[in-house]
$ cat model28.txt   # compact mmCIF, C-alpha atoms
# COMPACT_ATOMS: atom_id res chain seq x y z
CA MET X 1 3.59 -42.37 -49.89
CA VAL X 2 5.06 -39.65 -52.11
CA ALA X 3 1.65 -37.98 -52.37
CA VAL X 4 1.19 -38.11 -48.59
CA ALA X 5 4.65 -36.64 -48.05
CA ALA X 6 3.95 -33.87 -50.53
CA LEU X 7 0.66 -33.06 -48.84
CA ALA X 8 2.37 -32.96 -45.44
CA ALA X 9 5.03 -30.60 -46.78
CA MET X 10 2.40 -28.31 -48.28
CA THR X 11 0.51 -28.28 -44.99
CA GLN X 12 3.67 -27.39 -43.08
CA MET X 13 4.49 -24.59 -45.51
CA GLY X 14 0.97 -23.26 -45.21
CA GLY X 15 1.28 -23.21 -41.43
CA GLN X 16 4.56 -21.32 -41.65
CA ALA X 17 3.11 -18.85 -44.13
CA GLY X 18 0.21 -18.17 -41.77
CA ALA X 19 2.43 -17.59 -38.75
CA ALA X 20 3.05 -14.05 -37.57
CA GLN X 21 6.27 -12.85 -39.20
CA CYS X 22 8.95 -11.16 -37.13
CA GLY X 23 10.63 -7.93 -38.21
CA ASN X 24 13.49 -5.61 -37.29
CA THR X 25 11.77 -2.25 -37.74
CA SER X 26 8.44 -0.81 -36.70
CA ALA X 27 7.10 -1.08 -40.25
CA GLY X 28 5.56 -4.52 -39.91
CA PHE X 29 4.43 -4.36 -36.29
CA GLU X 30 0.74 -3.62 -36.90
CA ALA X 31 0.40 -6.43 -39.45
CA TRP X 32 2.26 -8.81 -37.13
CA LYS X 33 -0.02 -7.82 -34.26
CA GLN X 34 -3.13 -8.75 -36.21
CA GLN X 35 -1.61 -12.07 -37.26
CA PHE X 36 -0.51 -12.83 -33.72
CA ALA X 37 -3.95 -11.94 -32.32
CA GLN X 38 -5.52 -14.43 -34.71
CA GLU X 39 -3.09 -17.14 -33.61
CA ALA X 40 -3.72 -16.30 -29.95
CA ARG X 41 -7.48 -16.66 -30.40
CA GLY X 42 -6.83 -20.07 -31.88
CA ARG X 43 -4.89 -21.00 -28.75
CA GLY X 44 -7.76 -20.02 -26.48
CA VAL X 45 -6.64 -16.54 -25.40
CA GLY X 46 -9.67 -14.63 -24.17
CA ALA X 47 -11.26 -11.43 -25.41
CA SER X 48 -9.84 -9.15 -22.72
CA ALA X 49 -6.27 -10.22 -23.44
CA ILE X 50 -6.78 -9.95 -27.21
CA ALA X 51 -8.14 -6.42 -26.76
CA ALA X 52 -5.09 -5.53 -24.66
CA LEU X 53 -2.78 -6.96 -27.33
CA GLU X 54 -4.50 -4.99 -30.07
CA GLY X 55 -3.97 -1.84 -28.02
CA THR X 56 -0.19 -2.24 -27.83
CA HIS X 57 2.27 0.05 -29.61
CA TYR X 58 5.76 -0.52 -30.99
CA ALA X 59 8.03 0.24 -28.03
CA THR X 60 10.99 2.09 -29.52
CA ALA X 61 12.55 2.72 -26.11
CA THR X 62 12.51 -1.02 -25.42
CA ILE X 63 14.22 -1.81 -28.72
CA ASN X 64 16.87 0.84 -28.08
CA ALA X 65 17.51 -0.54 -24.60
CA ASP X 66 17.69 -4.10 -25.90
CA ARG X 67 20.26 -3.09 -28.51
CA GLY X 68 22.35 -1.08 -26.07
CA GLN X 69 22.95 -3.36 -23.06
CA ARG X 70 26.56 -2.65 -22.17
CA SER X 71 26.79 -2.89 -18.39
CA PHE X 72 27.13 -6.68 -18.45
CA HIS X 73 30.41 -6.26 -20.36
CA LEU X 74 32.00 -4.31 -17.48
CA SER X 75 34.55 -5.80 -15.11
CA LEU X 76 33.12 -7.05 -11.83
CA GLY X 77 34.53 -4.08 -9.92
CA ASP X 78 33.12 -1.55 -12.39
CA PHE X 79 29.78 -3.35 -12.43
CA MET X 80 29.57 -3.30 -8.64
CA ARG X 81 30.37 0.41 -8.55
CA LYS X 82 27.85 1.22 -11.28
CA ARG X 83 25.13 -0.73 -9.49
CA GLY X 84 25.97 0.82 -6.10
CA GLY X 85 27.04 -2.39 -4.40
CA SER X 86 28.16 -0.76 -1.15
CA ALA X 87 24.88 1.15 -0.81
CA ILE X 88 22.91 -2.05 -1.41
CA VAL X 89 24.91 -3.78 1.33
CA ALA X 90 24.28 -0.97 3.80
CA ARG X 91 20.55 -0.77 3.12
CA GLY X 92 20.30 -4.53 2.96
CA ARG X 93 21.75 -4.91 6.45
CA GLN X 94 19.19 -2.43 7.79
CA LEU X 95 16.30 -4.25 6.14
CA LYS X 96 17.56 -7.60 7.36
CA GLN X 97 17.17 -6.31 10.91
CA SER X 98 13.95 -4.32 10.50
CA GLN X 99 12.22 -7.12 8.56
CA ALA X 100 13.73 -9.99 10.54
CA GLY X 101 10.37 -11.73 10.99
CA LEU X 102 9.64 -11.77 7.26
CA PHE X 103 13.08 -13.11 6.38
CA ALA X 104 12.90 -15.75 9.09
CA SER X 105 9.58 -17.02 7.73
CA ILE X 106 10.94 -17.06 4.17
CA GLU X 107 14.05 -18.97 5.21
CA GLN X 108 11.98 -21.44 7.18
CA ARG X 109 9.74 -22.10 4.18
CA TYR X 110 12.22 -22.03 1.29
CA GLY X 111 15.66 -22.41 2.90
CA VAL X 112 16.95 -19.18 1.34
CA PRO X 113 18.72 -16.73 3.72
CA PRO X 114 18.22 -12.96 3.64
CA GLY X 115 21.50 -11.99 1.92
CA PRO X 116 20.90 -13.14 -1.65
CA LEU X 117 17.25 -12.05 -1.55
CA LEU X 118 18.24 -8.57 -0.41
CA ALA X 119 21.02 -8.47 -3.01
CA ILE X 120 18.53 -9.31 -5.77
CA TRP X 121 15.94 -6.86 -4.42
CA GLY X 122 18.50 -4.07 -4.24
CA MET X 123 20.05 -4.83 -7.61
CA GLU X 124 16.74 -5.15 -9.45
CA THR X 125 14.72 -2.18 -8.16
CA ALA X 126 16.72 -0.42 -5.42
CA PHE X 127 14.45 -2.15 -2.88
CA GLY X 128 11.27 -1.27 -4.73
CA ALA X 129 12.08 2.34 -5.54
CA GLU X 130 12.61 1.88 -9.29
CA HIS X 131 10.02 -0.33 -10.96
CA GLY X 132 10.17 1.02 -14.48
CA ASN X 133 7.37 2.90 -16.22
CA GLN X 134 6.97 1.20 -19.58
CA ASN X 135 3.79 -0.42 -20.81
CA MET X 136 4.52 -4.06 -19.99
CA LEU X 137 2.50 -5.61 -22.79
CA SER X 138 3.81 -3.24 -25.47
CA SER X 139 7.39 -4.00 -24.43
CA ILE X 140 6.90 -7.75 -24.59
CA ALA X 141 4.86 -7.64 -27.80
CA THR X 142 7.57 -5.54 -29.45
CA LEU X 143 10.28 -7.99 -28.42
CA SER X 144 8.15 -10.91 -29.55
CA TYR X 145 7.79 -9.26 -32.96
CA ASP X 146 11.48 -8.36 -33.13
CA CYS X 147 13.49 -11.11 -34.84
CA ARG X 148 16.41 -10.98 -32.42
CA ARG X 149 14.86 -13.10 -29.63
CA SER X 150 11.38 -13.74 -30.94
CA ASP X 151 10.95 -17.28 -29.61
CA PHE X 152 11.85 -16.36 -26.03
CA PHE X 153 9.57 -13.32 -25.93
CA THR X 154 6.71 -15.08 -27.71
CA ASP X 155 6.57 -17.44 -24.71
CA GLN X 156 6.59 -14.39 -22.44
CA LEU X 157 3.82 -12.76 -24.46
CA TYR X 158 1.54 -15.77 -24.18
CA ALA X 159 2.21 -15.83 -20.43
CA ALA X 160 1.35 -12.13 -20.16
CA LEU X 161 -1.88 -12.68 -22.08
CA LYS X 162 -2.80 -15.54 -19.76
CA LEU X 163 -2.17 -13.31 -16.73
CA ILE X 164 -4.42 -10.65 -18.27
CA ASP X 165 -7.15 -13.22 -18.81
CA ARG X 166 -6.79 -14.17 -15.13
CA GLY X 167 -7.08 -10.55 -14.05
CA GLN X 168 -3.59 -10.39 -12.53
CA PHE X 169 -2.31 -8.02 -15.24
CA SER X 170 -4.04 -5.57 -17.54
CA GLY X 171 -3.23 -3.74 -20.75
CA SER X 172 -2.02 -0.80 -18.63
CA THR X 173 0.33 -2.75 -16.34
CA ARG X 174 3.67 -0.95 -16.06
CA GLY X 175 7.06 -2.61 -16.04
CA SER X 176 10.69 -2.20 -17.03
CA MET X 177 12.14 -2.06 -20.53
CA HIS X 178 11.89 -5.78 -21.25
CA GLY X 179 8.53 -6.28 -19.57
CA GLU X 180 9.81 -7.18 -16.09
CA VAL X 181 7.33 -6.46 -13.30
CA GLY X 182 7.32 -6.21 -9.53
CA GLN X 183 9.92 -5.44 -6.89
CA THR X 184 12.29 -8.18 -8.00
CA GLN X 185 11.46 -7.91 -11.71
CA PHE X 186 9.80 -11.14 -12.79
CA MET X 187 9.04 -11.85 -16.43
CA PRO X 188 5.42 -12.94 -17.06
CA LYS X 189 6.25 -16.63 -17.53
CA THR X 190 8.18 -16.56 -14.24
CA VAL X 191 5.16 -14.96 -12.55
CA LEU X 192 3.01 -17.85 -13.76
CA GLU X 193 5.47 -20.47 -12.57
CA TYR X 194 6.83 -19.06 -9.32
CA GLY X 195 4.77 -16.03 -8.26
CA VAL X 196 3.55 -16.03 -4.64
CA GLY X 197 1.16 -13.21 -3.82
CA SER X 198 1.60 -9.71 -5.25
CA LEU X 199 5.02 -8.96 -6.69
CA GLU X 200 4.33 -5.28 -6.06
CA THR X 201 4.71 -5.85 -2.31
CA PRO X 202 8.03 -6.65 -0.57
CA SER X 203 6.68 -9.84 1.00
CA GLY X 204 5.21 -11.17 -2.24
CA ALA X 205 8.28 -10.27 -4.29
CA LEU X 206 10.73 -11.78 -1.78
CA MET X 207 8.71 -14.96 -1.29
CA SER X 208 8.41 -15.35 -5.05
CA THR X 209 12.16 -14.88 -5.46
CA ALA X 210 12.89 -17.44 -2.75
CA ASN X 211 10.42 -19.82 -4.41
CA TYR X 212 12.26 -19.38 -7.70
CA LEU X 213 15.66 -20.06 -6.16
CA HIS X 214 14.33 -23.06 -4.26
CA ALA X 215 12.82 -24.49 -7.45
CA HIS X 216 16.20 -24.08 -9.17
CA GLY X 217 18.06 -26.25 -6.70
CA TRP X 218 18.67 -24.11 -3.61
CA GLN X 219 19.71 -26.32 -0.70
CA ARG X 220 19.04 -25.19 2.85
CA GLY X 221 22.20 -24.23 4.74
CA GLY X 222 24.47 -24.47 1.71
CA GLY X 223 26.87 -21.80 0.50
CA TYR X 224 26.09 -19.61 -2.48
CA GLN X 225 29.48 -18.36 -3.60
CA PRO X 226 30.96 -19.48 -6.96
CA GLY X 227 31.69 -23.19 -6.78
CA GLU X 228 29.32 -23.75 -3.84
CA VAL X 229 26.12 -25.74 -3.93
CA ASN X 230 23.65 -22.86 -4.31
CA PHE X 231 25.52 -20.76 -6.83
CA GLY X 232 23.73 -22.64 -9.62
CA ALA X 233 20.40 -21.23 -8.45
CA ILE X 234 21.86 -17.71 -8.64
CA GLN X 235 23.12 -18.49 -12.15
CA ALA X 236 19.57 -19.45 -13.10
CA TRP X 237 18.36 -16.03 -11.97
CA ASN X 238 20.52 -14.08 -14.44
CA ALA X 239 22.76 -15.28 -17.25
CA ALA X 240 25.38 -12.52 -16.88
CA SER X 241 28.48 -13.64 -14.99
CA VAL X 242 29.11 -10.25 -13.38
CA TYR X 243 25.52 -10.13 -12.16
CA GLN X 244 25.78 -13.60 -10.64
CA GLN X 245 29.01 -12.74 -8.85
CA ALA X 246 27.62 -9.43 -7.61
CA ILE X 247 24.60 -11.16 -6.05
CA ALA X 248 26.90 -13.63 -4.30
CA ILE X 249 29.28 -10.95 -3.01
CA ILE X 250 26.58 -8.54 -1.87
CA GLY X 251 24.57 -11.35 -0.29
CA ARG X 252 27.58 -12.59 1.66
CA GLN X 253 28.36 -9.11 2.95
CA ILE X 254 24.75 -8.63 4.05
CA ASP X 255 24.72 -12.02 5.75
CA GLY X 256 27.94 -11.16 7.57
CA GLY X 257 30.23 -13.40 5.59
CA ASP X 258 28.87 -16.55 7.21
CA ARG X 259 27.15 -18.07 4.16
$ encode --input "model28.txt" --output "structure tokens"
Amino acid sequence: MVAVAALAAMTQMGGQAGAAQCGNTSAGFEAWKQQFAQEARGRGVGASAIAALEGTHYATATINADRGQRSFHLSLGDFMRKRGGSAIVARGRQLKQSQAGLFASIEQRYGVPPGPLLAIWGMETAFGAEHGNQNMLSSIATLSYDCRRSDFFTDQLYAALKLIDRGQFSGSTRGSMHGEVGQTQFMPKTVLEYGVGSLETPSGALMSTANYLHAHGWQRGGGYQPGEVNFGAIQAWNAASVYQQAIAIIGRQIDGGDR
């Protein structure tokens, strides 16, 4: 039994030694990338996705942005002003009217009213105007290599590679600093789990967002302010308290205060 235990321990250590090692500077990124590519092949990732991974670069801008996130530490009022809450409400009300058919079909299917969807759409990309222009795969690979949140972004990286194998993404897909894509900024794993149609189109992005909220407990006809039945689904969307509250406030103002 001792010999078996010792062999098991040696095997475990060997597996750990062979795993791609995270780092906190660009120095080890190329070596990590080769190690990760080998692991990915072993997990069945296809040639096109491996080639895209090997073409990634260390995304310094992504690392700087990840280290410098300060807006979530603002007060709710300051956060709303910085994000242009009143402008989102005004534009959101216009879109609610001009796209009434789309929002009616989404609410019929998923039970989610226009307000929170428009709040998310406006907050994430200014209604599709600001998608980000970073190389999606390089951003996610860099964050997977970085020791700070390696486990979370390794899952995202495998999801991105799967989407490349499927032909939905490519090595040149553009996204925001942390690899978010589409008009409501889905991470790759979220695309796999909840994506409906193209996230680069308003209809696809909004349906996907409603699908996400529905899957996280949204109940048709329920309120979505703090303490109400649907606020938990908004909390699932973003972990920052000020962001959650802003979505609820902006959504209520767009919906006319009746939700």
$ closest_residue --input "model28.txt" --among "X:Ile63, X:Ala37, X:Ala52, X:Ala236" --to "Arg148 of chain X" --atoms "only C-alpha atoms"
X:Ile63
$ closest_residue --input "model28.txt" --among "X:Leu95, X:Leu163, X:Ala61, X:Ile140" --to "Trp121 of chain X" --atoms "only C-alpha atoms"
X:Leu95
$ closest_residue --input "model28.txt" --among "X:Gln21, X:Ser48, X:Gln185, X:Ser198" --to "Arg166 of chain X" --atoms "only C-alpha atoms"
X:Ser48
$ atom_distance --input "model28.txt" --atom1 "atom CA of Glu200 of chain X" --atom2 "atom CA of Arg252 of chain X"
25.6 Å
$ residues_around --input "model28.txt" --residues "segment 202-217 of chain X" --least-positions-apart "4" --cutoff "9 Å" --atoms "all atoms listed in the file" --output "ChimeraX atom specification"
/X:102-103,106-107,109-113,117-118,120-121,127-128,182-186,190-191,193-198,229-230,232-234,236-237
$ closest_residue --input "model28.txt" --among "X:Ser170, X:Gln97, X:Thr62, X:Ser176" --to "Asp255 of chain X" --atoms "all atoms listed in the file"
X:Gln97
$ closest_residue --input "model28.txt" --among "X:Met136, X:Ala104, X:Ala129, X:Leu74" --to "Ser241 of chain X" --atoms "only C-alpha atoms"
X:Leu74
$ closest_residue --input "model28.txt" --among "X:Ile88, X:Ala59, X:Ala100, X:Val242" --to "Thr125 of chain X" --atoms "only C-alpha atoms"
X:Ile88
$ atom_distance --input "model28.txt" --atom1 "atom CA of Ile164 of chain X" --atom2 "atom CA of Ala49 of chain X"
5.5 Å
$ atom_distance --input "model28.txt" --atom1 "atom CA of Cys22 of chain X" --atom2 "atom CA of Met187 of chain X"
20.7 Å
$ axis_aligned_box --input "model28.txt" --around "segment 170-184 of chain X" --padding-each-side "4 Å" --output "JSON"
{"center_x": 4.1, "center_y": -4.5, "center_z": -14.1, "size_x": 24.3, "size_y": 15.4, "size_z": 22.4}
$ residues_near_point --input "model28.txt" --point "(3.0, -0.2, -21.1)" --cutoff "10 Å" --atoms "all atoms listed in the file" --output "MDAnalysis selection string"
chainID X and resid 55:57 59 132:140 170:177 179
$ residues_around --input "model28.txt" --residues "segment 77-79 of chain X" --least-positions-apart "2" --cutoff "12 Å" --atoms "only C-alpha atoms" --output "count of residues only"
22
$ residues_near_point --input "model28.txt" --point "(7.4, -10.4, -27.3)" --cutoff "9 Å" --atoms "only C-alpha atoms" --output "ChimeraX atom specification"
/X:137-146,149-158,178-179
$ residues_around --input "model28.txt" --residues "Gly44 of chain X" --least-positions-apart "4" --cutoff "10 Å" --atoms "all atoms listed in the file" --output "list in words"
Glu39, Ala40 and Lys162 of chain X
$ build_atoms --input "model28.txt" --residues "segment 236-247 of chain X" --atoms "N, CA, C and O atoms" --output "compact mmCIF listing (two decimals), in the coordinates of the input"
# COMPACT_ATOMS: atom_id res chain seq x y z
N ALA X 236 20.86 -19.34 -12.42
CA ALA X 236 19.57 -19.45 -13.10
C ALA X 236 18.82 -18.13 -13.09
O ALA X 236 18.02 -17.86 -14.00
N TRP X 237 19.07 -17.30 -12.08
CA TRP X 237 18.36 -16.03 -11.97
C TRP X 237 18.76 -15.08 -13.09
O TRP X 237 17.91 -14.39 -13.66
N ASN X 238 20.04 -15.01 -13.41
CA ASN X 238 20.52 -14.08 -14.44
C ASN X 238 21.71 -14.71 -15.14
O ASN X 238 22.62 -15.24 -14.50
N ALA X 239 21.73 -14.61 -16.46
CA ALA X 239 22.76 -15.28 -17.25
C ALA X 239 24.11 -14.56 -17.25
O ALA X 239 25.12 -15.14 -17.65
N ALA X 240 24.14 -13.29 -16.83
CA ALA X 240 25.38 -12.52 -16.88
C ALA X 240 26.29 -12.87 -15.71
O ALA X 240 25.89 -12.81 -14.54
N SER X 241 27.54 -13.21 -16.02
CA SER X 241 28.48 -13.64 -14.99
C SER X 241 28.71 -12.57 -13.93
O SER X 241 28.77 -12.86 -12.73
N VAL X 242 28.85 -11.30 -14.36
CA VAL X 242 29.11 -10.25 -13.38
C VAL X 242 27.91 -10.05 -12.45
O VAL X 242 28.07 -9.75 -11.27
N TYR X 243 26.73 -10.25 -12.98
CA TYR X 243 25.52 -10.13 -12.16
C TYR X 243 25.47 -11.23 -11.12
O TYR X 243 25.17 -11.00 -9.94
N GLN X 244 25.76 -12.46 -11.55
CA GLN X 244 25.78 -13.60 -10.64
C GLN X 244 26.78 -13.38 -9.50
O GLN X 244 26.46 -13.59 -8.32
N GLN X 245 27.98 -12.96 -9.87
CA GLN X 245 29.01 -12.74 -8.85
C GLN X 245 28.64 -11.61 -7.91
O GLN X 245 28.91 -11.68 -6.70
N ALA X 246 28.02 -10.56 -8.45
CA ALA X 246 27.62 -9.43 -7.61
C ALA X 246 26.57 -9.86 -6.59
O ALA X 246 26.64 -9.46 -5.41
N ILE X 247 25.60 -10.66 -7.00
CA ILE X 247 24.60 -11.16 -6.05
C ILE X 247 25.27 -11.94 -4.93
O ILE X 247 24.96 -11.77 -3.75
